[in-house]
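Student: I have a structure here, written as structure tokens, and I will follow up with some questions on it.
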Amino acid sequence: MRLFLALLFRNRLAGFGAVVLALVVVLCLIVPLLPLAEPNAIDTADKFLPPFSPGHPLGTDHLGRDLLSRLLWGTRLSLAVGTCAAMAAAFSGTLLGVTAGYFGGRIDNILMRLVDMLMAFPYILLALAIVAALGPGILNALIAVAAVNVPFFARNIRGISAGLTAREFIDAARLSGQGHARIIVTELLPNVLPVIVVAVSTTVGWMVLETAGLSFLGLGSQPPQADLGSMLGEARAAFLTAPHVMMVPGAMIFLIVMSINLLGDGLRDALDPRLRSGALARPEPVTRIAREVVPPARSVTPGLLELEGLETRFQIGARVYRAVNGVSLSLARGECVGLVGESGSGKSVTALSVMGLVASPPGVITGGAVRLAGVDLLSLPYRGLRALRGRRVAYIFQDPLSTLHPLYRVGDQMIEAIRVHRNIPVAEARAICLDLLRIVRIPNPESRLAAYPHELSGGMRQRVGIAMALVNDPEVIIADEPTTALDVTVQAQVLALLDGLRRDRGLSILFITHDFGVVGQLCDRVAVMYAGRIVEEGPTAAILAAPAHPYTRRLIESVPEPGGGKRRLISIPGLPPAVDRLPPGCAFAPRCHRAQPACRQGEIELTRSGTRALRCLFPEEVPQ
Amino acid sequence: MTPAPQPVLQVENLSKSYPVGRGLFRQGKAVVRALHPVSLSVLPGETLGIVGESGCGKTTLARMLVGLLPPSTGTIEIDGRPFDTRDRRVSSQQIQYVFQDPISSLNPRKTIRQTMEVPLKVLFGLDRAGRQRRLSEVFEAVNLRPEFLDRYPHEFSGGQAQRIGIARALLAKPKIIVLDEPVSALDVSVQAQVLNLLADLRAEHGLTYLFISHDLAVVEAVSDRVAVLYFGAVVEIGPAERIFAAPSHPYTRLLAASAPAIGRPLVRRDGAGAELPDPLNPPPGCAFAQRCPKVSGRCRAETPQLRATGENQLAACHHPDPA
């Protein structure tokens, strides 16, 4: 609740709207207690008194009635009618929408076509027709306004309900033995409620306006009863001689509708979980870099791509998540290095940090260096980094459906990727794309260039993703779980393709995965990450044959191998630690079968011996 | 010799097809077959693994088995009686379902206790004390701390949420549990924990599992028998220890060879043939023919039926390898 209010008032205009509306509502509530003149008392001798007349602070109307009193009583009535209409529309609209969305199929079709019929009439005509049928009067105006707004709620809520009904928790509720009514009330409705609240809050103002419109036409409140619309209507005749009589209710309508709309916008932003999680904050084009110590430049590095003590953190509220905590890694020309870890180990953030692709805020690179052929990428200005992205270092992501733009043809996207970096004619770029599609073995490349991403299968899309990474002939490819979303038979083909490309073109690949089976097939060297740090590194064959870190060993053992028959699997007890509350010492100690008291205190360094490196005090016995 | 035990689950010619291009009053002409007629029987206490790639119809099969999807043809019998989902209070106690994505199968606006108490109220009409007793019992069975009951779904990691999903299925005291990719959303180290837990629960509660997964190493490790699905049809079924060691169907062989395994070299295969046939316009004959190394003219004309290729092993292939 406090978070909600804080979010609401972060939007100043919404806060302003809330204050104005609160004042108006309080004023309306205490109207009967105020020492006001009788709103309907006629005194024709004092008609059209200007504002600030004695006894009549806002003047009087054409029958000499006190305007202030009529204004407050009228506002009270208009607000009440508007709110009731919104509630009634929301209630019937929700009933229709939830029923249509939940049951779907024919019920949905019939209900929604009825709603469409309502929508097909111009709303004011429909309202007029309803009032004409029922007779004038404030209650009938309320019914008319509510009725014409039902479609808005019904359509909105039907869409949300249909989406929610397809979610698994509704299926789960069915399987737990609940009936339809119970599922709708206890499972569906609580999830639809925020949408209803937002829809009501943004439409109350509209309803006040529509009721005023009907009253203005003489179809709403009947004389002598005052509401804002009828006050306007009655003042119309004397508009030129006594404009204040019309301006007083007009100003009130403006105040109410404006404050409600401002508040409604604020409510929508505060209740929308997507906006709450910071979708309104646009990430910067490069990850923010705040290094206290910049490592000294080294012009000659052993590898093509070198990470030195890279640290990336996420600052969310008061919490600091140390996602990458001093990672050093080297990738030589033509080499394939596997970066292995479980979810939350920091392997993807490491990969994204290389080209400054971690979203900022909340991500910040707080230390270390990333060198490409000796040049520190973290010191480069945005333009310099952008010239390298996709040109010398390219990425392949897990889900090509979400990285390819759904509205552009595959070919156009590939051609664009070339022409961003190289000023060559479209035809030439197209020829390069065709070549690459052939290389990644896409059948009928000419026709595939004109295809949209959704027209391709998952395996084909990932091939396009690989071809797209290759368009500018990069030196380094960073592949972040490129085969995780693919079927095994397709995965085997994509891995073989990557392996072939590496050998044919001398590509360096940083291959990020959680799967030791894949690493064993593709990578020369492997680095194992746990809780933001590399715990073991070395040649793949050596590590697979004799893992030294207990985590590596357990991780390899917990992958079930085909051909073993039915059996008990080896598991690692416990869960990986949260990276905002890392324990002192070794982060794996609480789950480790070899942990000693010494493991739980002080820093444990990554020690290198020969080709292997290890961060462990009590490693597994490695058979010599 | 003892008589053969009665199957707890018997499925005959179960199939699902969807009409395409249907309007409000117009019935569509074209039909997409999500699942071709499938017949299976599962013995009490057995785990039947169902393995296949995306689009093979395994989730369609699972959802029909628990009654979330009405079958187009065929029958389901549980304990010799027709499975009837009209009364959920009965059917929920016969068969339960564990979802692939544990978090999205929990209502985000309810605490775990609110979600978990529903089946106890609806199915068994337990009072507050009885519900509390049963909840602590089940939570202990899946190694979860009782204080988790008063938290919301988003506060859990994948592994914990999947235990909650399993606990919820157990609450209904079902005979059979259908597990639809129960570990594919989990990390490897946690995956083994959950698989071992499932094995323990099966022994303890005398459960029967239908274990659906795309990962054949996992399926093999937990199953007694395995059925392999391809393009909506069972192409091979047999004992778990035999089916990948000595596959009869070329597709099973391909699956087994494609699984990434530590120490197995990468085999370079031709890239073109990984596509499934177009479901709107399926080819005549065997659906695997265009990818099959042993394809013959007969394969493209005549749909193969399941035939015995070894002891308890059946394959739908005109040219099976001897099991």
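As shown in the structure tokens, the chain order sets the letters A, B, ...; within each chain, residues go from 1, and ligands are also counted from 1 in the order they appear.
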Find the spatial neighbours of Leu507 in chain A, counting only C-alpha atoms, within a cut-off of 9 Å - ignore same-chain residues fewer than 4 positions away - and output them as a PyMOL selection string.
Tutor: chain A and resi 333-336+473-477+501-503
Student: At a cut-off of 6 Å, can you tabulate as JSON lines every residue of chain B near chain A together with its closest atom pair and the distance in Å to one decimal, using only C-alpha atoms and ordering rows by chain then number?
Tutor:
{"residue": "B:Glu53", "atom": "CA", "partner": "A:Asp487", "partner_atom": "CA", "distance": 5.8}
{"residue": "B:Arg88", "atom": "CA", "partner": "A:Gly177", "partner_atom": "CA", "distance": 4.8}
{"residue": "B:Arg89", "atom": "CA", "partner": "A:Gly177", "partner_atom": "CA", "distance": 5.1}
{"residue": "B:Ser92", "atom": "CA", "partner": "A:Leu175", "partner_atom": "CA", "distance": 5.8}
{"residue": "B:Ser104", "atom": "CA", "partner": "A:Glu168", "partner_atom": "CA", "distance": 5.9}
{"residue": "B:Ser105", "atom": "CA", "partner": "A:Phe169", "partner_atom": "CA", "distance": 3.8}
{"residue": "B:Leu106", "atom": "CA", "partner": "A:Phe169", "partner_atom": "CA", "distance": 4.9}
{"residue": "B:Asn107", "atom": "CA", "partner": "A:Phe169", "partner_atom": "CA", "distance": 5.5}
{"residue": "B:Pro119", "atom": "CA", "partner": "A:Ser176", "partner_atom": "CA", "distance": 4.9}
{"residue": "B:Asp187", "atom": "CA", "partner": "A:Glu342", "partner_atom": "CA", "distance": 5.9}
{"residue": "B:Ser189", "atom": "CA", "partner": "A:Ile572", "partner_atom": "CA", "distance": 5.4}
{"residue": "B:Ala192", "atom": "CA", "partner": "A:Ser571", "partner_atom": "CA", "distance": 4.8}
{"residue": "B:Gln193", "atom": "CA", "partner": "A:Ser571", "partner_atom": "CA", "distance": 5.4}
{"residue": "B:Ala217", "atom": "CA", "partner": "A:Pro562", "partner_atom": "CA", "distance": 4.3}
{"residue": "B:Glu220", "atom": "CA", "partner": "A:Gly565", "partner_atom": "CA", "distance": 5.6}
{"residue": "B:Ala221", "atom": "CA", "partner": "A:Lys566", "partner_atom": "CA", "distance": 4.1}
{"residue": "B:Val222", "atom": "CA", "partner": "A:Lys566", "partner_atom": "CA", "distance": 5.2}
{"residue": "B:Glu241", "atom": "CA", "partner": "A:Gly565", "partner_atom": "CA", "distance": 4.6}
{"residue": "B:Ala245", "atom": "CA", "partner": "A:Gly563", "partner_atom": "CA", "distance": 5.9}
{"residue": "B:Ser258", "atom": "CA", "partner": "A:Thr489", "partner_atom": "CA", "distance": 5.2}
{"residue": "B:Ala259", "atom": "CA", "partner": "A:Val488", "partner_atom": "CA", "distance": 5.9}
{"residue": "B:Pro260", "atom": "CA", "partner": "A:Gly517", "partner_atom": "CA", "distance": 4.8}
{"residue": "B:Ala261", "atom": "CA", "partner": "A:Gly517", "partner_atom": "CA", "distance": 4.4}
{"residue": "B:Ile262", "atom": "CA", "partner": "A:Gly517", "partner_atom": "CA", "distance": 4.5}
{"residue": "B:Pro265", "atom": "CA", "partner": "A:Gln521", "partner_atom": "CA", "distance": 5.6}
{"residue": "B:Leu266", "atom": "CA", "partner": "A:Gln521", "partner_atom": "CA", "distance": 5.4}
{"residue": "B:Arg268", "atom": "CA", "partner": "A:Ala496", "partner_atom": "CA", "distance": 5.4}
{"residue": "B:Gly271", "atom": "CA", "partner": "A:Arg441", "partner_atom": "CA", "distance": 5.9}
Student: Any chance you could list, as a PDB file with C-alpha atoms, in the first residue's frame, the residues in range 55-158 of chain B that come up strand (DSSP E or B) when DSSP is run on the backbone?
Tutor:
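What landed in result31.pdb:
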ATOM      1  CA  THR B  73     -12.006 -40.169 -30.666  1.00  0.00           C
ATOM      2  CA  GLY B  74     -11.144 -42.998 -28.336  1.00  0.00           C
ATOM      3  CA  THR B  75     -11.673 -44.003 -24.744  1.00  0.00           C
ATOM      4  CA  ILE B  76      -9.781 -43.729 -21.483  1.00  0.00           C
ATOM      5  CA  GLU B  77     -10.360 -46.321 -18.771  1.00  0.00           C
ATOM      6  CA  ILE B  78      -9.052 -46.082 -15.248  1.00  0.00           C
ATOM      7  CA  ARG B  81     -14.074 -47.998 -15.609  1.00  0.00           C
ATOM      8  CA  PRO B  82     -14.524 -45.254 -18.200  1.00  0.00           C
ATOM      9  CA  ILE B  95      -5.540 -38.758 -12.051  1.00  0.00           C
ATOM     10  CA  GLN B  96      -3.559 -35.591 -11.405  1.00  0.00           C
ATOM     11  CA  TYR B  97      -1.262 -33.397 -13.461  1.00  0.00           C
ATOM     12  CA  VAL B  98       2.038 -31.680 -12.725  1.00  0.00           C
TER      13      VAL B  98
END
Student: For each of B:Ser248, B:Gln132, B:Gln10, B:Gln94, take the minimum atom-to-atom distance to Leu149 in chain B, counting only C-alpha atoms, then give the residue where this is smallest.
Tutor: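 Answer, going by the shortest atom-to-atom distance: B:Gln132.
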Student: How far is it from CA of Glu446 in chain A to CA of Gly411 in chain A, in Å with one decimal?
Tutor: 9.1 Å
Student: Can you check which residues of range 269-514 of chain A DSSP gives as helix (DSSP H, G or I) on the backbone and send them as a PyMOL selection string?
Tutor: chain A and resi 269-271+273-279+347-354+377-379+382-388+400-403+410-421+426-439+445-449+453-455+458-470+488-505
Student: With C-alpha atoms retained, write the just-selected residues as a short mmCIF file (atom, residue, chain, number, x, y, z; two decimals), in the first residue's frame.
Tutor:
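What follows is the written file out-v4.cif:
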data_model
loop_
_atom_site.label_atom_id
_atom_site.label_comp_id
_atom_site.auth_asym_id
_atom_site.auth_seq_id
_atom_site.Cartn_x
_atom_site.Cartn_y
_atom_site.Cartn_z
CA ASP A 269 0.87 3.40 -14.07
CA ALA A 270 1.00 2.50 -10.40
CA LEU A 271 -1.03 -0.70 -10.80
CA PRO A 273 3.23 -4.47 -12.83
CA ARG A 274 5.14 -3.97 -16.06
CA LEU A 275 5.48 -0.26 -15.51
CA ARG A 276 6.20 -0.81 -11.84
CA SER A 277 9.22 -2.95 -12.65
CA GLY A 278 10.73 -0.01 -14.48
CA ALA A 279 9.58 -0.42 -18.07
CA LYS A 347 27.22 -16.35 -17.17
CA SER A 348 24.84 -14.39 -19.38
CA VAL A 349 25.61 -11.10 -17.64
CA THR A 350 29.31 -11.76 -18.25
CA ALA A 351 28.58 -12.24 -21.93
CA LEU A 352 26.46 -9.11 -22.20
CA SER A 353 29.01 -7.01 -20.30
CA VAL A 354 31.60 -7.60 -23.02
CA LEU A 377 36.24 -1.84 -24.71
CA LEU A 378 35.00 -0.37 -21.44
CA SER A 379 37.01 2.83 -22.03
CA TYR A 382 29.58 4.90 -27.33
CA ARG A 383 30.36 5.50 -31.02
CA GLY A 384 33.49 3.44 -30.83
CA LEU A 385 31.73 0.57 -29.11
CA ARG A 386 28.83 0.70 -31.54
CA ALA A 387 31.21 0.41 -34.48
CA LEU A 388 32.45 -2.86 -33.00
CA PRO A 400 15.83 -16.08 -32.19
CA LEU A 401 12.09 -15.39 -32.28
CA SER A 402 12.55 -12.64 -29.71
CA THR A 403 15.74 -11.22 -31.24
CA VAL A 410 14.52 -11.89 -42.56
CA GLY A 411 16.48 -10.67 -45.60
CA ASP A 412 15.87 -6.99 -44.87
CA GLN A 413 17.08 -7.43 -41.31
CA MET A 414 20.26 -9.15 -42.46
CA ILE A 415 20.91 -6.52 -45.14
CA GLU A 416 20.40 -3.77 -42.57
CA ALA A 417 22.89 -5.44 -40.24
CA ILE A 418 25.49 -5.30 -43.04
CA ARG A 419 24.78 -1.75 -44.15
CA VAL A 420 24.99 -0.36 -40.63
CA HIS A 421 28.69 -1.11 -40.73
CA VAL A 426 21.85 -3.41 -51.33
CA ALA A 427 22.37 -5.93 -54.12
CA GLU A 428 25.86 -6.72 -52.86
CA ALA A 429 24.62 -7.06 -49.29
CA ARG A 430 21.88 -9.34 -50.54
CA ALA A 431 24.43 -11.56 -52.24
CA ILE A 432 26.37 -11.83 -48.97
CA CYS A 433 23.18 -12.82 -47.14
CA LEU A 434 22.35 -15.50 -49.72
CA ASP A 435 25.85 -16.90 -49.39
CA LEU A 436 25.56 -17.06 -45.63
CA LEU A 437 22.14 -18.69 -45.67
CA ARG A 438 23.66 -21.38 -47.89
CA ILE A 439 26.55 -21.77 -45.48
CA PRO A 445 17.73 -19.37 -49.40
CA GLU A 446 16.24 -17.04 -52.03
CA SER A 447 12.71 -17.60 -50.81
CA ARG A 448 13.75 -17.58 -47.14
CA LEU A 449 15.14 -14.06 -47.49
CA PRO A 453 10.59 -14.77 -38.67
CA HIS A 454 7.34 -16.48 -37.60
CA GLU A 455 7.23 -18.39 -40.88
CA GLY A 458 12.82 -22.86 -34.43
CA GLY A 459 15.84 -24.56 -35.98
CA MET A 460 15.62 -22.44 -39.13
CA ARG A 461 15.32 -19.26 -37.09
CA GLN A 462 18.42 -20.12 -35.11
CA ARG A 463 20.28 -20.73 -38.38
CA VAL A 464 19.17 -17.28 -39.51
CA GLY A 465 20.39 -15.96 -36.14
CA ILE A 466 23.78 -17.55 -36.77
CA ALA A 467 23.92 -16.26 -40.36
CA MET A 468 23.07 -12.80 -39.08
CA ALA A 469 25.89 -12.95 -36.57
CA LEU A 470 28.24 -13.83 -39.43
CA VAL A 488 17.77 -32.42 -29.58
CA THR A 489 17.96 -33.50 -33.20
CA VAL A 490 18.06 -29.85 -34.30
CA GLN A 491 20.50 -28.99 -31.53
CA ALA A 492 22.94 -31.57 -32.84
CA GLN A 493 22.80 -29.96 -36.28
CA VAL A 494 23.26 -26.42 -35.00
CA LEU A 495 26.23 -27.48 -32.87
CA ALA A 496 27.82 -29.22 -35.83
CA LEU A 497 27.27 -26.07 -37.88
CA LEU A 498 28.94 -23.84 -35.27
CA ASP A 499 31.84 -26.25 -34.99
CA GLY A 500 32.30 -26.28 -38.77
CA LEU A 501 32.21 -22.48 -38.98
CA ARG A 502 34.82 -22.16 -36.30
CA ARG A 503 37.17 -24.47 -38.15
CA ASP A 504 36.51 -23.02 -41.60
CA ARG A 505 36.65 -19.34 -40.65
#
Student: May I ask for the distance between CA of Val20 in chain B and CA of Phe103 in chain A, given in Å to one decimal place?
Tutor: 19.5 Å
Student: Pick out the residues sitting within 7 Å of range 601-611 of chain A, and hand them over as a PyMOL selection string; count only C-alpha atoms, and ignore anything fewer than 6 positions along from it in its own chain.
Tutor: chain A and resi 538-539+584-586
Student: Restricted to N, CA and C atoms, what would the selected residues look like written as an mmCIF file, in the first residue's frame?
Tutor:
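The result, written out as part11.cif:
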data_model
loop_
_atom_site.group_PDB
_atom_site.id
_atom_site.type_symbol
_atom_site.label_atom_id
_atom_site.label_comp_id
_atom_site.auth_asym_id
_atom_site.auth_seq_id
_atom_site.Cartn_x
_atom_site.Cartn_y
_atom_site.Cartn_z
ATOM 1 N N GLY A 538 39.817 -24.817 -17.398
ATOM 2 C CA GLY A 538 40.867 -25.665 -17.956
ATOM 3 C C GLY A 538 40.418 -26.312 -19.246
ATOM 4 N N PRO A 539 41.299 -27.150 -19.831
ATOM 5 C CA PRO A 539 40.930 -27.849 -21.065
ATOM 6 C C PRO A 539 39.726 -28.759 -20.816
ATOM 7 N N PRO A 584 30.283 -15.329 3.314
ATOM 8 C CA PRO A 584 31.727 -15.126 3.240
ATOM 9 C C PRO A 584 32.416 -16.423 2.827
ATOM 10 N N GLY A 585 33.575 -16.293 2.212
ATOM 11 C CA GLY A 585 34.303 -17.481 1.784
ATOM 12 C C GLY A 585 33.717 -18.038 0.504
ATOM 13 N N CYS A 586 33.763 -19.374 0.398
ATOM 14 C CA CYS A 586 33.311 -20.030 -0.822
ATOM 15 C C CYS A 586 31.790 -20.049 -0.863
#
Student: Give me, as number ranges by chain, all polymer residues having an atom no more than 7 Å from Leu186 in chain B, counting only C-alpha atoms and skipping those fewer than 4 positions away in the same chain.
Tutor: B: 158-159, 190-191
Student: Residues of the last selection are to be written out with N, CA, C and O atoms, as a PDB file, in the first residue's frame.
Tutor:
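Contents of result_17.pdb, freshly written:
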ATOM      1  N   GLY B 158      12.490 -22.066  -9.007  1.00  0.00           N
ATOM      2  CA  GLY B 158      11.846 -23.068  -9.849  1.00  0.00           C
ATOM      3  C   GLY B 158      11.724 -24.421  -9.162  1.00  0.00           C
ATOM      4  O   GLY B 158      10.678 -25.068  -9.208  1.00  0.00           O
ATOM      5  N   GLY B 159      12.789 -24.851  -8.504  1.00  0.00           N
ATOM      6  CA  GLY B 159      12.783 -26.154  -7.867  1.00  0.00           C
ATOM      7  C   GLY B 159      11.771 -26.232  -6.735  1.00  0.00           C
ATOM      8  O   GLY B 159      11.032 -27.217  -6.593  1.00  0.00           O
ATOM      9  N   VAL B 190      19.246 -29.115  -9.594  1.00  0.00           N
ATOM     10  CA  VAL B 190      17.961 -29.202  -8.906  1.00  0.00           C
ATOM     11  C   VAL B 190      17.091 -30.276  -9.557  1.00  0.00           C
ATOM     12  O   VAL B 190      16.291 -30.945  -8.905  1.00  0.00           O
ATOM     13  N   GLN B 191      17.293 -30.453 -10.866  1.00  0.00           N
ATOM     14  CA  GLN B 191      16.541 -31.450 -11.623  1.00  0.00           C
ATOM     15  C   GLN B 191      16.692 -32.838 -10.986  1.00  0.00           C
ATOM     16  O   GLN B 191      15.705 -33.543 -10.783  1.00  0.00           O
TER      17      GLN B 191
END
Student: Report as number ranges by chain all protein, DNA and RNA residues lying within 7 Å of range 205-217 of chain A, evaluated on only C-alpha atoms, omitting residues in the same chain fewer than 2 positions from it.
Tutor: A: 78-79, 82, 85-86, 141-142, 145, 202-203, 219-221, 228-230, 232-233, 256-257, 260-261
Student: Just give me the gap between CA of Gln305 in chain B and CA of Cys317 in chain B in Å, one decimal is fine.
Tutor: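 About the pair CA of Gln305 in chain B and CA of Cys317 in chain B: they are 7.0 Å apart.
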